[in-house]
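Novice: Structure provided below as structure tokens; questions to follow.
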Amino acid sequence: MDRSSLSSRSVQWAFLALAAGAWYLATATGSVSRLFLPPPREVFTALVALVQTNAFWSAVLVTASTVAKAYVLALIIGILAGYLVSRSKLAVATIEPVISGLFTIPITLFFPMFILFFGVGTGSKVAYGATYAFFPIALNTIAAFANMEQRYLLAAQSMGGNRWQIFRYVLMPGALPVLFTGLRIGFFICLASVLGGETISSVAGVGRNIALTAELMEPGRMFAWISFVVCMSVVLNLLAFSFENRIRAR
Amino acid sequence: MQNNQDKIAISIRNVTQRFGDASQPDSVLALDNVSLDIKKGEFVCLLGPSGCGKSTLLNVVGGLFKPTSGTATVEGRLVDGKPHPDKIAFVFQESTLFPWYTVIENFHIALKFQGIPKAEWDDRAMAALRAVGMASFARHYPDQLSVGMRQRVNMARGICVKTDILLMDEPFAALDEQTRMVLGEDLSQLLAETGKTIVFVTHSLAEAVFLSDRIAVFTARPGKIKTIIDVDTPHPRSPDFMLEPKFSELRNECYALLRDEIRATMALQRDPQAV
Amino acid sequence: MASLSSATSTPAASSTPIWSRLARSPFWLRIALIAAILLLLEYYGRFHADPAFMRPPSAVVEAFFTSVISEPKIVSALWLCITEISIAYGMSVVFGVAIGLIVGATKFSRAALFPIILLLFAIPQVSFMPLVILIFGLGPAAKIAFGFSHGIFPIIVNVVAGMRDVKELHLRGARSMGASKADIIRHVILPNMVPSLFTGLRLGMTLTLLGVILAELYVSTGGVGYYTRVFAENYNPAPLFALITSLAVIAIFFNEIVRIAENTLTPGKRRAPRIQSKSVQK
């Protein structure tokens, strides 16, 4: 119904407007300390100034390349391991619960170990991000390949497909939706964990800068950085969802 | 035609199938020493209550697995637990059209798996689709079609590979009665035109009588062939066949044979340890 | 009926030898796998590893007793964590369910408000971590707040999803039996929501743990974060591993509580497996 979607949309825009209005009011009346919530104007000018500095872009580059390296690592190891495990029912029953059980513990706990092993440079964040992202990727890969509906495999067999043909034309395309969900979740976990790692302990990158601006009591710049991260992740989320929907709708 | 009738297409000898270890309490004897010969160009129905092993037998003939004991031979060749896609096409109960391909791509895959050259794909696919009246849906995805339409395409996919033998496992079970009747007529027509050998598993008495040359009536689990009923009416059969008194007699005969088996199956379901 | 495929026709009493049964049992294989890994680590840690970076499991166990459990300050830091997690989770559950019920109540509220919640859920909260510390200070309040803001979202999302995905069939059935709006809510919508609710509670616990741990590690001037930093900076892997393992055990303990609660409160229904084999719902 167009009318109801119109009214939902208007509620959402109203909510955004309300939030923006509350922000403006809170800072204009001084009811919230400038340190905790700088006025929108200040954040905006800080943001504009920030994106023109070299320091900003080099920090973004550091974070982006860290995420990229970590994600690719997790992809390769996760999909390979997931696929190999999915080949045997016994392997799935044995190994999958270990992986998913481990995943219920916040992997963040092991971050200090990564600092110990790799130091405070980007290496520790790459290893940490890769480790964290490995879990949803591997788990979803196992689920995607192991839970392939038997009847499709049976049909393909009865049609005389050989192992390679069944893999390429039945297993792979059938597994793709669940696989992509895992890749999407893995990406955002990778992003969040790299940012977290940088915030806790690092020498460069976006997370480090946010922590720095807090230490140096520069609320305007901190909010500028936070706004940047929020906008980026919203955009990335929309991209990821539309990409995944296009895969599914095919 | 006389020559065809004498050749044996499928020979089932002493097939027994036990699932699970004999020493375990949960092992199931699905088939018990079943033997049956199916002639070339015949339409044979496997009719019986749920769980009587008729689908299992079909899977054995189709080479989807090797039976615990006994053999199945297709046109002289031992099936031996391996599918023979050049001889046998399978139509499953649930549509096994791959949801990630369009209708016509599904046909392409089936033909590719069978090793048919690419040049013939479109002709064969479109011919089969036309035969079931779904030619205009070639570029649709299976989940854009209704259940009935999907099953029609499913059936067409089984036919387009032009095998001598067609194994069908309750293909019409998910369809409404009217569609079943129409497709049944089409199947009868197909048989007359192509001389294919068709083995058809069903629950429906009317369907079995309408379609078959012979009906193999199964007992409740463990499945054995109780009787074989002959239906001496040539194909293609028109819907008028159902109005003939012969039809009702055969149908009642089937029911009389099955009634006890159905009740035995229901008793089994209430108390699996009984019998 | 003689079965030709079984190799041995053994009498009914005997069964397959014990080692082949173990080899086929996933549970024992898992134990064997974990034991093998530990043995490997023990061997490598003892004879090959640089003691500044890695120590064998036996040294970690020893360090647990000598450096962790025996240090009252570390023990109290661990207890503080437990308290923070408990409070943060409690708050997440109360507010999460409440907000979830409100948002999920009508089709309109779902359509209007749910996308906002999902949007908020998608933002990496870790970028707010320094701000939260700034606002709440270095003490437990910040960690509770951060754990709360992490844990509340999956609960809301799952409560709303549970209320949204009621089968039309059930609604029609209830209405045909003469149920009032209140009856439908009580007997159809709420019970239908329960499985989803528990998924949310499980995820909420996982995320609350994450939030609290993140905040603790970030504040390196006290609490658990202080000790992890000190051990790491001094290249003291054994106590570090011991501390981390203790925290991991605490995390497992909390997850188990949620699982047991779920199994007790939803009797007869499908039981949550000991290890959750479902990928993260986000």
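Labels for the structure tokens follow display order: chains A, B, ..., residues from 1 in each chain, ligands from 1.
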Give as a PDB file with N, CA and C atoms, in the first residue's frame every residue of chain B that touches chain A within 7 Å, counting only C-alpha atoms.

Specialist:
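Contents of part.pdb, freshly written:
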```pdb
ATOM      1  N   LEU B  64      20.068 -44.907  -7.959  1.00  0.00           N
ATOM      2  CA  LEU B  64      20.455 -43.915  -6.958  1.00  0.00           C
ATOM      3  C   LEU B  64      21.120 -44.556  -5.762  1.00  0.00           C
ATOM      4  N   PRO B  83      23.523 -44.152 -11.649  1.00  0.00           N
ATOM      5  CA  PRO B  83      22.478 -43.709 -12.579  1.00  0.00           C
ATOM      6  C   PRO B  83      22.911 -43.917 -14.026  1.00  0.00           C
ATOM      7  N   HIS B  84      21.949 -44.186 -14.883  1.00  0.00           N
ATOM      8  CA  HIS B  84      22.234 -44.308 -16.310  1.00  0.00           C
ATOM      9  C   HIS B  84      21.421 -43.256 -17.044  1.00  0.00           C
ATOM     10  N   PRO B  85      21.920 -42.023 -17.061  1.00  0.00           N
ATOM     11  CA  PRO B  85      21.100 -40.926 -17.579  1.00  0.00           C
ATOM     12  C   PRO B  85      20.787 -41.052 -19.058  1.00  0.00           C
ATOM     13  N   ALA B  89      15.315 -41.424 -17.214  1.00  0.00           N
ATOM     14  CA  ALA B  89      15.072 -40.077 -16.713  1.00  0.00           C
ATOM     15  C   ALA B  89      14.168 -40.174 -15.490  1.00  0.00           C
ATOM     16  N   PHE B  90      14.455 -39.351 -14.518  1.00  0.00           N
ATOM     17  CA  PHE B  90      13.729 -39.379 -13.257  1.00  0.00           C
ATOM     18  C   PHE B  90      12.868 -38.136 -13.112  1.00  0.00           C
ATOM     19  N   THR B  96      12.286 -30.586  -8.725  1.00  0.00           N
ATOM     20  CA  THR B  96      13.712 -30.452  -8.493  1.00  0.00           C
ATOM     21  C   THR B  96      14.327 -29.492  -9.498  1.00  0.00           C
ATOM     22  N   PHE B  98      16.135 -26.435 -10.444  1.00  0.00           N
ATOM     23  CA  PHE B  98      17.069 -25.646  -9.660  1.00  0.00           C
ATOM     24  C   PHE B  98      16.570 -24.205  -9.608  1.00  0.00           C
ATOM     25  N   TRP B 100      17.948 -21.540  -8.917  1.00  0.00           N
ATOM     26  CA  TRP B 100      18.836 -20.459  -9.313  1.00  0.00           C
ATOM     27  C   TRP B 100      19.003 -20.361 -10.826  1.00  0.00           C
ATOM     28  N   ALA B 110      20.169 -30.163 -17.717  1.00  0.00           N
ATOM     29  CA  ALA B 110      19.835 -31.589 -17.817  1.00  0.00           C
ATOM     30  C   ALA B 110      20.458 -32.182 -19.074  1.00  0.00           C
ATOM     31  N   PHE B 113      24.284 -32.378 -18.696  1.00  0.00           N
ATOM     32  CA  PHE B 113      24.714 -33.500 -17.854  1.00  0.00           C
ATOM     33  C   PHE B 113      24.645 -34.808 -18.620  1.00  0.00           C
ATOM     34  N   GLN B 114      23.690 -34.878 -19.547  1.00  0.00           N
ATOM     35  CA  GLN B 114      23.548 -36.117 -20.281  1.00  0.00           C
ATOM     36  C   GLN B 114      24.532 -36.217 -21.418  1.00  0.00           C
TER      37      GLN B 114
END
```

Novice: Would you mind listing what lies within 10 Å of Ile82 of chain C as a PyMOL selection string, with only C-alpha atoms counted and same-chain residues fewer than 6 positions away left out?

Specialist: chain C and resi 76+88+209+212+247+250-251+254

Novice: Hey, list the chain A side of the contact with chain C: 6 Å cut-off, only C-alpha atoms, answer as number ranges by chain.

Specialist: A: 8, 11, 93-94, 97, 100-101, 104-106, 116, 192, 196, 200, 211, 214, 230

Novice: Within 6 Å of Ser212 of chain B, counting only C-alpha atoms, which residues qualify if same-chain residues fewer than 2 places away don't, as a PyMOL selection string?

Specialist: chain B and resi 43-45+208-209+214

Novice: Take the residues just selected and output them with C-alpha atoms as a CSV table (one decimal), in the first residue's frame.

Specialist:
```
chain,number,residue,atom,x,y,z
B,43,PHE,CA,3.3,-48.3,-18.3
B,44,VAL,CA,3.6,-49.9,-15.0
B,45,CYS,CA,2.3,-48.4,-11.7
B,208,ALA,CA,-3.1,-46.0,-11.4
B,209,VAL,CA,-6.0,-47.5,-13.3
B,214,ARG,CA,-0.2,-53.2,-15.4
```

Novice: Just asking: which residues within segment 72-216 of chain A are alpha helix (DSSP H) according to DSSP, as JSON, numbers by chain?

Specialist: {"A": [72, 73, 74, 75, 76, 77, 78, 79, 80, 81, 82, 83, 84, 85, 86, 89, 90, 91, 92, 93, 94, 95, 96, 97, 98, 99, 100, 101, 102, 103, 111, 112, 113, 114, 115, 116, 117, 118, 122, 123, 124, 125, 126, 127, 128, 129, 130, 131, 132, 133, 134, 135, 136, 137, 138, 139, 140, 141, 142, 143, 144, 145, 146, 150, 151, 152, 153, 154, 155, 156, 157, 158, 163, 164, 165, 166, 172, 173, 174, 175, 176, 177, 178, 179, 180, 181, 182, 183, 184, 185, 186, 187, 188, 189, 190, 191, 192, 193, 194, 195, 196, 197, 198, 199, 200, 206, 207, 208, 209, 210, 211, 212, 213, 214, 215]}

Novice: Quick one: which residues from chain B are at most 9 Å off chain C, using only C-alpha atoms, as a list of chain:residue names?

Specialist: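 Matching residues, ligands excluded from the count: B:Thr16, B:Gln17, B:Arg18, B:Asp21, B:Ala22, B:Ser23, B:Gln24, B:Leu29, B:Asp32, B:Thr68, B:Ser69.
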
Novice: Using only C-alpha atoms, determine which residues lie at most 10 Å from Thr63 of chain A, disregarding the query and same-chain residues fewer than 3 positions distant; provide the list as a list of chain:residue names.

Specialist: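 Within the cut-off, the hits are A:Trp57, A:Ser58, A:Ala59, A:Val60, A:Thr66, A:Val67, A:Ala68, A:Lys69, A:Thr122, A:Lys125, A:Val126, A:Leu191, A:Val194, A:Leu195, A:Glu198, A:Ala204, A:Gly205, A:Val206, A:Gly207, A:Arg208.
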
Novice: With N, CA and C atoms retained, could you export that selection as a PDB file, in the first residue's frame?

Specialist:
```
ATOM      1  N   TRP A  57      43.270  11.576   5.358  1.00  0.00           N
ATOM      2  CA  TRP A  57      43.250  10.576   4.305  1.00  0.00           C
ATOM      3  C   TRP A  57      44.278   9.486   4.536  1.00  0.00           C
ATOM      4  N   SER A  58      45.394   9.825   5.144  1.00  0.00           N
ATOM      5  CA  SER A  58      46.356   8.749   5.403  1.00  0.00           C
ATOM      6  C   SER A  58      45.824   7.812   6.481  1.00  0.00           C
ATOM      7  N   ALA A  59      45.095   8.382   7.453  1.00  0.00           N
ATOM      8  CA  ALA A  59      44.500   7.523   8.477  1.00  0.00           C
ATOM      9  C   ALA A  59      43.448   6.607   7.857  1.00  0.00           C
ATOM     10  N   VAL A  60      42.613   7.188   6.995  1.00  0.00           N
ATOM     11  CA  VAL A  60      41.583   6.384   6.331  1.00  0.00           C
ATOM     12  C   VAL A  60      42.233   5.282   5.507  1.00  0.00           C
ATOM     13  N   THR A  66      44.082  -2.039   6.156  1.00  0.00           N
ATOM     14  CA  THR A  66      44.063  -3.067   7.196  1.00  0.00           C
ATOM     15  C   THR A  66      42.824  -3.946   7.043  1.00  0.00           C
ATOM     16  N   VAL A  67      41.672  -3.284   6.881  1.00  0.00           N
ATOM     17  CA  VAL A  67      40.435  -4.046   6.726  1.00  0.00           C
ATOM     18  C   VAL A  67      40.518  -4.939   5.497  1.00  0.00           C
ATOM     19  N   ALA A  68      41.037  -4.371   4.405  1.00  0.00           N
ATOM     20  CA  ALA A  68      41.111  -5.147   3.173  1.00  0.00           C
ATOM     21  C   ALA A  68      41.972  -6.392   3.352  1.00  0.00           C
ATOM     22  N   LYS A  69      43.143  -6.193   3.924  1.00  0.00           N
ATOM     23  CA  LYS A  69      44.041  -7.341   4.114  1.00  0.00           C
ATOM     24  C   LYS A  69      43.404  -8.383   5.019  1.00  0.00           C
ATOM     25  N   THR A 122      49.990  -2.263  12.359  1.00  0.00           N
ATOM     26  CA  THR A 122      48.780  -2.743  11.685  1.00  0.00           C
ATOM     27  C   THR A 122      48.721  -4.263  11.640  1.00  0.00           C
ATOM     28  N   LYS A 125      46.262  -5.764  13.989  1.00  0.00           N
ATOM     29  CA  LYS A 125      44.872  -5.538  13.622  1.00  0.00           C
ATOM     30  C   LYS A 125      44.456  -6.396  12.437  1.00  0.00           C
ATOM     31  N   VAL A 126      45.389  -6.607  11.521  1.00  0.00           N
ATOM     32  CA  VAL A 126      45.085  -7.490  10.390  1.00  0.00           C
ATOM     33  C   VAL A 126      44.802  -8.901  10.894  1.00  0.00           C
ATOM     34  N   LEU A 191      35.364  -5.017   9.816  1.00  0.00           N
ATOM     35  CA  LEU A 191      35.449  -3.562   9.932  1.00  0.00           C
ATOM     36  C   LEU A 191      35.375  -3.125  11.393  1.00  0.00           C
ATOM     37  N   VAL A 194      38.517  -4.217  13.415  1.00  0.00           N
ATOM     38  CA  VAL A 194      39.717  -3.423  13.122  1.00  0.00           C
ATOM     39  C   VAL A 194      39.611  -2.054  13.785  1.00  0.00           C
ATOM     40  N   LEU A 195      38.436  -1.422  13.658  1.00  0.00           N
ATOM     41  CA  LEU A 195      38.232  -0.132  14.322  1.00  0.00           C
ATOM     42  C   LEU A 195      38.426  -0.263  15.827  1.00  0.00           C
ATOM     43  N   GLU A 198      42.061  -0.674  16.632  1.00  0.00           N
ATOM     44  CA  GLU A 198      42.777   0.597  16.489  1.00  0.00           C
ATOM     45  C   GLU A 198      42.470   1.524  17.647  1.00  0.00           C
ATOM     46  N   ALA A 204      48.138   4.225  14.368  1.00  0.00           N
ATOM     47  CA  ALA A 204      47.610   4.965  13.225  1.00  0.00           C
ATOM     48  C   ALA A 204      46.220   4.443  12.903  1.00  0.00           C
ATOM     49  N   GLY A 205      45.532   5.165  12.037  1.00  0.00           N
ATOM     50  CA  GLY A 205      44.224   4.684  11.603  1.00  0.00           C
ATOM     51  C   GLY A 205      43.084   5.477  12.203  1.00  0.00           C
ATOM     52  N   VAL A 206      41.892   5.191  11.699  1.00  0.00           N
ATOM     53  CA  VAL A 206      40.701   5.934  12.103  1.00  0.00           C
ATOM     54  C   VAL A 206      40.418   5.748  13.593  1.00  0.00           C
ATOM     55  N   GLY A 207      40.459   4.501  14.052  1.00  0.00           N
ATOM     56  CA  GLY A 207      40.160   4.226  15.458  1.00  0.00           C
ATOM     57  C   GLY A 207      41.104   4.971  16.388  1.00  0.00           C
ATOM     58  N   ARG A 208      42.359   4.969  16.005  1.00  0.00           N
ATOM     59  CA  ARG A 208      43.366   5.645  16.810  1.00  0.00           C
ATOM     60  C   ARG A 208      43.041   7.128  16.936  1.00  0.00           C
TER      61      ARG A 208
END
```

Novice: Would you please work out which residue, of A:Ile142, A:Ile99, A:Leu61, A:Ala240, is nearest to Leu80 of chain A when using only C-alpha atoms?

Specialist: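 Answer, going by the shortest atom-to-atom distance: A:Ile142.
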
Novice: Which one of B:Val103, B:Ile198, B:Ala216, B:Ala206 sits closest to Ile228 of chain B if you count only C-alpha atoms?

Specialist: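 Of B:Val103, B:Ile198, B:Ala216, B:Ala206, the one nearest Ile228 of chain B is B:Ala216, counting only C-alpha atoms.
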
Novice: Just the residues within 9 Å of Phe198 of chain C, please, counting only C-alpha atoms, with nothing from its chain fewer than 3 positions along; format it as a PyMOL selection string.

Specialist: chain C and resi 155+158-159+193-195+201-203+258-259+262
